[in-house]
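Heads up: the structure comes next, in structure tokens.
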Amino acid sequence: MAESLPEHERILQEIESTETACVGPTLRSVYDDQPNAHQKFIEKLDACIRNHDREIEKMCNFHHQGFVDAITELLKVRADAEKLKVQVTDTNRRLQDAGKEVIAQTEDIIQSRIQQRNITTVVEKLQLCLPVLEMYSKLKEQMNVKRYYSALKTMEQLENIYFPRVSQYRFCQLMIENLPKLREEIKEISMSDLKDFLESIRKHSDKIGETAMKQAQQQKAFNTVLQKQNNVRYGKNKYINDGIPEPRNEIVSKQNLAVEDEEEEEGHEDEVLTAHDLVDFSPVYRCLHIYSVLGDAETFENYYRKQRRKQARLVLQPQSNMHETVEGYRRYFSQIVGFFVVEDHILHVTQGLITRAYTDELWNMALSKIIAVLRTHSSYCTDPDLVLELKNLIVVFADTLQGYGFPVNRLFDLLFEIRDQYNETLLKKWAVLFRDIFEADNYSPIPVTNEEEYKNVISKFPYQDPELDKCFPKKLPMSQSVPQIYIQVKEFIYASLKFSESLHRSSTEIDDMLRKSTNLLLTRTLSSCLQNLIKKPHIGLTELVQIIINTTHLEQACKYLEDFITNITNISQETLHTARLYGLSTFKDARHAAEGEIYTKLNQKIDEFIQLADYDWTMVEPDGRASGYLMDLINFLRSTFQVFTHLPGKVAQTACMSACQHLSTTLMQMLLDNELKQISMGAIQQFNLDVIQCELFAGSEPVPGFHGETLQLAFIDLRQLLDLFMVWDWSTYLADYGQPGSKYLRVNPSIALALLEKVHRGMKDLSKKNNLFAQFRKNDRDKQRLIETVVRQLRGLVNGMSQHS
């Protein structure tokens, strides 16, 4: 109990010293103590309250008198306060009445000051806005006059300098919102201008290219004239012939005069046109600047390159009939040159729009297409003049683009392919010329009546007359076709040289090309024409003999052609060439073919005469003279071999020997013909008379050069066979058969057997006609038995030969 009292005092102290909101925890501790402790706490609390009441009462009693005194003084002051209030109210009324006018004036001043401040503010804001409005007005004016690049610069100034100053105003926001639209409008307008520009350069590409090619051609012609003048100045003559002036010299002179005239005409021109003079490039510059300012240069570059690639494909697409005229090729090349001249101009005057890598890629693509197109269309050309003009255009085309920095080596490689085609067209053209010359030739020696005519011939053909005396009239051994062929071969060389010029090749290479082309002309074209000429049915023996003579002289002229090529290409004589002229083999082959044709035609004529033979194989007695057809044949051979006097000796001898051998073989075949069943001895005797005439002809030496009886040996088989039957010397034949010294060494048993059987049948038939009972005569029976015995022995020899073989 004693312990709880101090605790209650502590709690009461805490309650008195603690704020009311924090009394809860203190009171809770009263209930947390011993049971009934709160009752005791209440009692303690009541005691404490009573003590405080007593203290309050003491304090009130102590201060009561001072309170009463203060109330009394306050009541005294109340009356004075009422008076003072009345005075203050009156003073306030008078003061209010006096300040009404001042207040009115003050309000007017305040309002004026506000208006003045507003005006100042408006002026300040207008000073900020007016430059913006002026710049925007300037922007609109620039848009109206299509100064788009300046307009974009103005927009940049507005955005970076002016708009930030007045961004709080609504009109500024409207302007800011309108600027992207204006930029898009400028982009669209500039792009439209670019499209117009692209369309314009597409239309003007051919004119630009034509001008550029013309300038390149003029420059090249000028350089050529200077070079030729220097050559003349130093005494160098590139075109030298066999001491005879050639037409090409005149052509060169005319070309020089033409170039000089052209230069004089060009000298009157005020200025040289360029791509910039023909096309206004300002749209592309303007569009490039605009897109660069807009930060969209890459889009513009891609669009420009894409559109130009499309135009390149259109330009590279040729017309289907381009190969028909040179104008088609010229228009095609002009468009391509114009395209790349424009690209080169754009490359050098702009930065970044196109690059060298882009132009190189575009050129490589175009070059592949150009080469493919030219390969295709040039293959359709059959006119060498058109192919030559195409070559000249390609050279000018290549030189022009090379001057702009584009590689053109592949074009010159293509020219070598076209050169082969050009040579093919030349070969076809010259084949027609050769055929016409051969058709018009009379295949007779050239008659020369005086020295002037003689000089005229040797001026066209390098003929060396073996006869020093110039007795006229005379005949040159060759026919008119020889100098004409020689002239045409030289013209072919000139034509081939025209293509080889301006190919940027050395004289040695050009010389080699000319020799190869001339070899083709000789070995293929001329050789083919000669072979076809020789095979023509209307070409007789006289014409063939003349052809052989002609080819001999043409063969001899080949060395002059080689010298001619060396002179026109200005190659030294000491230079060794891999390509030589193969005219020797060409003309030798033609001569061999002509010789073979002579042999063939001779044999054909012999066959024609033989077909006229009309033997009576059953005649009893011969006519006593040779057959008419054979005498005509021999006369023909004599006259023919007289024509052979101009032929080389071996040719004439071979022809004569071949004719005699063929005649002998044909006569032998006539005796052994399977359709001929029987032959009388009278027919054998008549046949013997014809063979004798043949032997006499062979012995008369129709062609000089045969030794002894060489030509007569062609009839030795017939002679021994006929002698065997005429003498009826079978015993000697059978006894000496197989001996080297046999009298009938050339008689074959099978041939003898076949002829003997025919004679046997002829004898039987003749006996029947003479006497019905002739078979019962003793002599006839003995002869029949002899023939039968000989036949058996001959068959034995034949069988032995077959078994041995």
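To be explicit about the labels: the chains of the structure tokens are called A, B, and onward in the order shown, and within each one the residues are counted from 1, while ligands get numbers from 1 in the order they are shown.
Residue neighbourhood of Ile787 (chain A), excluding near-sequence residues (fewer than 2 positions): Trp730, Leu756, Glu757, Val759, His760, Arg781, Asp782, Lys783, Gln784, Arg785, Thr789, Val790, Val791, Arg792 and Gln793 of chain A, at 10 Å, using only C-alpha atoms.
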So that I have them on file, write out the residues from the current selection with C-alpha atoms, as an mmCIF file, in the first residue's frame.
```
data_model
loop_
_atom_site.group_PDB
_atom_site.id
_atom_site.type_symbol
_atom_site.label_atom_id
_atom_site.label_comp_id
_atom_site.auth_asym_id
_atom_site.auth_seq_id
_atom_site.Cartn_x
_atom_site.Cartn_y
_atom_site.Cartn_z
ATOM 1 C CA TRP A 730 49.454 -69.917 -180.334
ATOM 2 C CA LEU A 756 39.603 -66.348 -178.891
ATOM 3 C CA GLU A 757 36.182 -67.558 -177.812
ATOM 4 C CA VAL A 759 36.678 -65.480 -182.809
ATOM 5 C CA HIS A 760 35.761 -69.140 -182.437
ATOM 6 C CA ARG A 781 37.368 -80.137 -187.891
ATOM 7 C CA ASP A 782 41.117 -79.970 -187.296
ATOM 8 C CA LYS A 783 40.973 -76.185 -186.774
ATOM 9 C CA GLN A 784 38.079 -76.541 -184.397
ATOM 10 C CA ARG A 785 39.970 -79.118 -182.404
ATOM 11 C CA THR A 789 42.842 -77.322 -177.400
ATOM 12 C CA VAL A 790 44.135 -73.746 -177.141
ATOM 13 C CA VAL A 791 41.020 -72.712 -175.234
ATOM 14 C CA ARG A 792 41.593 -75.516 -172.719
ATOM 15 C CA GLN A 793 45.225 -74.537 -172.281
#
```
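Around Ser444 (chain A), within 10 Å and counting only C-alpha atoms, the residues found are Asp441, Asn442, Ile446, Pro447, Lys475, Leu476, Pro477, Met478, Ser479, Gln480, Ser481, Thr542, Glu543, Val545, Gln546 and Ile547 of chain A, once anything fewer than 2 positions away on its own chain is removed.
Reported to one decimal place, the separation of CA of Tyr149 (chain A) from CA of Ile290 (chain A) is 5.6 Å.
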- Mind checking which residues fall within 10 Å of Phe687 (chain A), counting only C-alpha atoms, ignoring those fewer than 3 positions away in the same chain, and posting them as an MDAnalysis selection string? chainID A and resid 615 617 622 626:627 667 671 681:684 690:692 722
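Minimum distance to Leu581 (chain A) across A:Leu497, A:Leu602, A:Ala312, A:Cys558 (counting only C-alpha atoms) occurs at A:Cys558.
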- Message: Just want the 12 Å neighbourhood of Asp723 (chain A), counted on only C-alpha atoms, with same-chain residues fewer than 4 positions away dropped. Output as a ChimeraX atom specification.
- Response: /A:684-685,687-689,691-692,716-719,727-730,732-733,743-747,752
Could those selected residues go to a file with N, CA, C and O atoms, as a PDB file, in the first residue's frame?
```
ATOM      1  N   ILE A 684      38.983 -58.526-187.202  1.00  0.00           N
ATOM      2  CA  ILE A 684      40.256 -58.393-186.498  1.00  0.00           C
ATOM      3  C   ILE A 684      41.259 -57.661-187.393  1.00  0.00           C
ATOM      4  O   ILE A 684      42.011 -56.781-186.938  1.00  0.00           O
ATOM      5  N   GLN A 685      41.269 -58.010-188.676  1.00  0.00           N
ATOM      6  CA  GLN A 685      42.196 -57.363-189.598  1.00  0.00           C
ATOM      7  C   GLN A 685      41.868 -55.863-189.758  1.00  0.00           C
ATOM      8  O   GLN A 685      42.772 -55.016-189.820  1.00  0.00           O
ATOM      9  N   PHE A 687      40.362 -54.005-187.533  1.00  0.00           N
ATOM     10  CA  PHE A 687      40.737 -53.399-186.253  1.00  0.00           C
ATOM     11  C   PHE A 687      42.246 -53.175-186.192  1.00  0.00           C
ATOM     12  O   PHE A 687      42.710 -52.170-185.655  1.00  0.00           O
ATOM     13  N   ASN A 688      42.983 -54.126-186.805  1.00  0.00           N
ATOM     14  CA  ASN A 688      44.439 -54.016-186.839  1.00  0.00           C
ATOM     15  C   ASN A 688      44.869 -52.801-187.657  1.00  0.00           C
ATOM     16  O   ASN A 688      45.831 -52.110-187.309  1.00  0.00           O
ATOM     17  N   LEU A 689      44.163 -52.523-188.745  1.00  0.00           N
ATOM     18  CA  LEU A 689      44.483 -51.337-189.543  1.00  0.00           C
ATOM     19  C   LEU A 689      44.316 -50.054-188.720  1.00  0.00           C
ATOM     20  O   LEU A 689      45.132 -49.131-188.821  1.00  0.00           O
ATOM     21  N   VAL A 691      44.573 -49.775-185.436  1.00  0.00           N
ATOM     22  CA  VAL A 691      45.632 -49.710-184.424  1.00  0.00           C
ATOM     23  C   VAL A 691      46.946 -49.277-185.065  1.00  0.00           C
ATOM     24  O   VAL A 691      47.740 -48.553-184.463  1.00  0.00           O
ATOM     25  N   ILE A 692      47.147 -49.723-186.327  1.00  0.00           N
ATOM     26  CA  ILE A 692      48.366 -49.291-187.029  1.00  0.00           C
ATOM     27  C   ILE A 692      48.382 -47.773-187.166  1.00  0.00           C
ATOM     28  O   ILE A 692      49.419 -47.118-186.992  1.00  0.00           O
ATOM     29  N   ILE A 716      51.138 -51.157-176.920  1.00  0.00           N
ATOM     30  CA  ILE A 716      51.860 -52.422-177.001  1.00  0.00           C
ATOM     31  C   ILE A 716      50.980 -53.601-176.659  1.00  0.00           C
ATOM     32  O   ILE A 716      51.100 -54.692-177.247  1.00  0.00           O
ATOM     33  N   ASP A 717      50.051 -53.415-175.713  1.00  0.00           N
ATOM     34  CA  ASP A 717      49.166 -54.527-175.345  1.00  0.00           C
ATOM     35  C   ASP A 717      48.282 -54.920-176.531  1.00  0.00           C
ATOM     36  O   ASP A 717      48.101 -56.116-176.839  1.00  0.00           O
ATOM     37  N   LEU A 718      47.727 -53.875-177.174  1.00  0.00           N
ATOM     38  CA  LEU A 718      46.882 -54.161-178.344  1.00  0.00           C
ATOM     39  C   LEU A 718      47.699 -54.793-179.470  1.00  0.00           C
ATOM     40  O   LEU A 718      47.248 -55.744-180.144  1.00  0.00           O
ATOM     41  N   ARG A 719      48.904 -54.267-179.702  1.00  0.00           N
ATOM     42  CA  ARG A 719      49.723 -54.758-180.803  1.00  0.00           C
ATOM     43  C   ARG A 719      50.055 -56.238-180.623  1.00  0.00           C
ATOM     44  O   ARG A 719      49.895 -57.044-181.545  1.00  0.00           O
ATOM     45  N   VAL A 727      48.802 -63.692-186.767  1.00  0.00           N
ATOM     46  CA  VAL A 727      49.768 -64.744-187.135  1.00  0.00           C
ATOM     47  C   VAL A 727      49.266 -66.116-186.718  1.00  0.00           C
ATOM     48  O   VAL A 727      49.655 -67.137-187.288  1.00  0.00           O
ATOM     49  N   TRP A 728      48.385 -66.132-185.777  1.00  0.00           N
ATOM     50  CA  TRP A 728      47.845 -67.380-185.212  1.00  0.00           C
ATOM     51  C   TRP A 728      48.980 -68.220-184.620  1.00  0.00           C
ATOM     52  O   TRP A 728      49.093 -69.410-184.802  1.00  0.00           O
ATOM     53  N   ASP A 729      49.785 -67.500-183.829  1.00  0.00           N
ATOM     54  CA  ASP A 729      51.008 -68.108-183.296  1.00  0.00           C
ATOM     55  C   ASP A 729      50.774 -68.564-181.855  1.00  0.00           C
ATOM     56  O   ASP A 729      51.474 -68.163-180.925  1.00  0.00           O
ATOM     57  N   TRP A 730      49.813 -69.488-181.686  1.00  0.00           N
ATOM     58  CA  TRP A 730      49.454 -69.917-180.334  1.00  0.00           C
ATOM     59  C   TRP A 730      50.522 -70.820-179.711  1.00  0.00           C
ATOM     60  O   TRP A 730      50.700 -70.814-178.495  1.00  0.00           O
ATOM     61  N   THR A 732      53.740 -70.608-180.057  1.00  0.00           N
ATOM     62  CA  THR A 732      54.801 -69.761-179.476  1.00  0.00           C
ATOM     63  C   THR A 732      54.318 -69.094-178.190  1.00  0.00           C
ATOM     64  O   THR A 732      55.041 -69.031-177.189  1.00  0.00           O
ATOM     65  N   TYR A 733      53.113 -68.612-178.215  1.00  0.00           N
ATOM     66  CA  TYR A 733      52.563 -67.938-177.033  1.00  0.00           C
ATOM     67  C   TYR A 733      52.520 -68.869-175.837  1.00  0.00           C
ATOM     68  O   TYR A 733      52.947 -68.534-174.736  1.00  0.00           O
ATOM     69  N   LYS A 743      57.628 -63.226-176.836  1.00  0.00           N
ATOM     70  CA  LYS A 743      57.194 -62.320-177.885  1.00  0.00           C
ATOM     71  C   LYS A 743      55.856 -61.683-177.546  1.00  0.00           C
ATOM     72  O   LYS A 743      55.576 -60.562-177.960  1.00  0.00           O
ATOM     73  N   TYR A 744      55.055 -62.399-176.800  1.00  0.00           N
ATOM     74  CA  TYR A 744      53.702 -61.919-176.432  1.00  0.00           C
ATOM     75  C   TYR A 744      53.612 -61.720-174.912  1.00  0.00           C
ATOM     76  O   TYR A 744      52.657 -62.149-174.257  1.00  0.00           O
ATOM     77  N   LEU A 745      54.612 -61.072-174.399  1.00  0.00           N
ATOM     78  CA  LEU A 745      54.705 -60.896-172.938  1.00  0.00           C
ATOM     79  C   LEU A 745      53.528 -60.101-172.382  1.00  0.00           C
ATOM     80  O   LEU A 745      53.066 -60.355-171.276  1.00  0.00           O
ATOM     81  N   ARG A 746      52.986 -59.093-173.125  1.00  0.00           N
ATOM     82  CA  ARG A 746      51.924 -58.204-172.622  1.00  0.00           C
ATOM     83  C   ARG A 746      50.531 -58.756-172.830  1.00  0.00           C
ATOM     84  O   ARG A 746      49.549 -58.095-172.484  1.00  0.00           O
ATOM     85  N   VAL A 747      50.454 -60.001-173.420  1.00  0.00           N
ATOM     86  CA  VAL A 747      49.129 -60.591-173.678  1.00  0.00           C
ATOM     87  C   VAL A 747      48.704 -61.375-172.448  1.00  0.00           C
ATOM     88  O   VAL A 747      49.369 -62.334-172.055  1.00  0.00           O
ATOM     89  N   ALA A 752      43.234 -63.019-173.912  1.00  0.00           N
ATOM     90  CA  ALA A 752      43.366 -63.868-175.108  1.00  0.00           C
ATOM     91  C   ALA A 752      42.270 -64.902-175.175  1.00  0.00           C
ATOM     92  O   ALA A 752      41.712 -65.178-176.250  1.00  0.00           O
TER      93      ALA A 752
END
```
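Closest approach to Ser750 (chain A) among A:Thr382, A:Ser802, A:Ser517, A:Gln556: A:Ser802, based on only C-alpha atoms.
Interatomic distance, CA of Val620 (chain A) against CA of Ser680 (chain A): 6.7 Å.
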- Item | For Tyr291 (chain A): contacts at 10 Å, only C-alpha atoms, fewer than 3 positions along chain excluded, given as an MDAnalysis selection string | chainID A and resid 149 152 183 186:187 190:191 286:288 294:301
File of the preceding selection, N, CA and C atoms, as a short mmCIF file (atom, residue, chain, number, x, y, z; two decimals), in the first residue's frame:
```
data_model
loop_
_atom_site.label_atom_id
_atom_site.label_comp_id
_atom_site.auth_asym_id
_atom_site.auth_seq_id
_atom_site.Cartn_x
_atom_site.Cartn_y
_atom_site.Cartn_z
N TYR A 149 16.01 27.20 -104.00
CA TYR A 149 17.18 27.04 -103.14
C TYR A 149 17.27 28.20 -102.14
N LEU A 152 14.72 27.71 -99.44
CA LEU A 152 15.15 26.78 -98.39
C LEU A 152 16.11 27.44 -97.42
N ARG A 183 8.42 22.66 -97.98
CA ARG A 183 9.58 21.83 -98.36
C ARG A 183 9.16 20.70 -99.29
N ILE A 186 8.55 22.15 -102.64
CA ILE A 186 9.82 22.41 -103.35
C ILE A 186 10.41 21.12 -103.88
N LYS A 187 10.36 20.06 -103.07
CA LYS A 187 10.90 18.77 -103.51
C LYS A 187 10.15 18.27 -104.75
N SER A 190 11.04 20.57 -107.76
CA SER A 190 12.41 20.32 -108.24
C SER A 190 12.51 18.94 -108.89
N MET A 191 11.78 17.98 -108.34
CA MET A 191 11.78 16.65 -108.96
C MET A 191 11.11 16.69 -110.33
N ARG A 286 20.17 22.54 -109.40
CA ARG A 286 19.22 23.08 -108.43
C ARG A 286 18.59 21.97 -107.60
N CYS A 287 18.21 20.90 -108.27
CA CYS A 287 17.58 19.78 -107.54
C CYS A 287 18.56 19.15 -106.57
N LEU A 288 19.83 19.03 -107.01
CA LEU A 288 20.85 18.45 -106.12
C LEU A 288 21.04 19.34 -104.89
N LEU A 294 17.84 19.84 -97.88
CA LEU A 294 16.78 19.13 -97.17
C LEU A 294 17.30 17.88 -96.47
N GLY A 295 18.58 17.58 -96.65
CA GLY A 295 19.14 16.40 -96.00
C GLY A 295 18.71 15.09 -96.63
N ASP A 296 18.25 15.16 -97.87
CA ASP A 296 17.76 13.97 -98.55
C ASP A 296 18.53 13.74 -99.85
N ALA A 297 19.83 14.08 -99.83
CA ALA A 297 20.64 13.96 -101.05
C ALA A 297 20.74 12.52 -101.53
N GLU A 298 20.77 11.59 -100.59
CA GLU A 298 20.90 10.17 -100.98
C GLU A 298 19.70 9.71 -101.80
N THR A 299 18.50 10.17 -101.40
CA THR A 299 17.30 9.82 -102.17
C THR A 299 17.39 10.37 -103.59
N PHE A 300 17.84 11.61 -103.71
CA PHE A 300 17.97 12.20 -105.03
C PHE A 300 19.01 11.45 -105.87
N GLU A 301 20.15 11.14 -105.27
CA GLU A 301 21.19 10.42 -106.00
C GLU A 301 20.67 9.07 -106.49
#
```
- Item | Among listed residues A:Ile610, A:Leu724, A:Leu676, A:Ile751, nearest Leu663 (chain A) (using only C-alpha atoms) | A:Ile610
- Query: Residues at most 8 Å from Leu521 (chain A), counting only C-alpha atoms, excluding those fewer than 5 positions away in the same chain, as a count of residues only?
  - Reply: 3
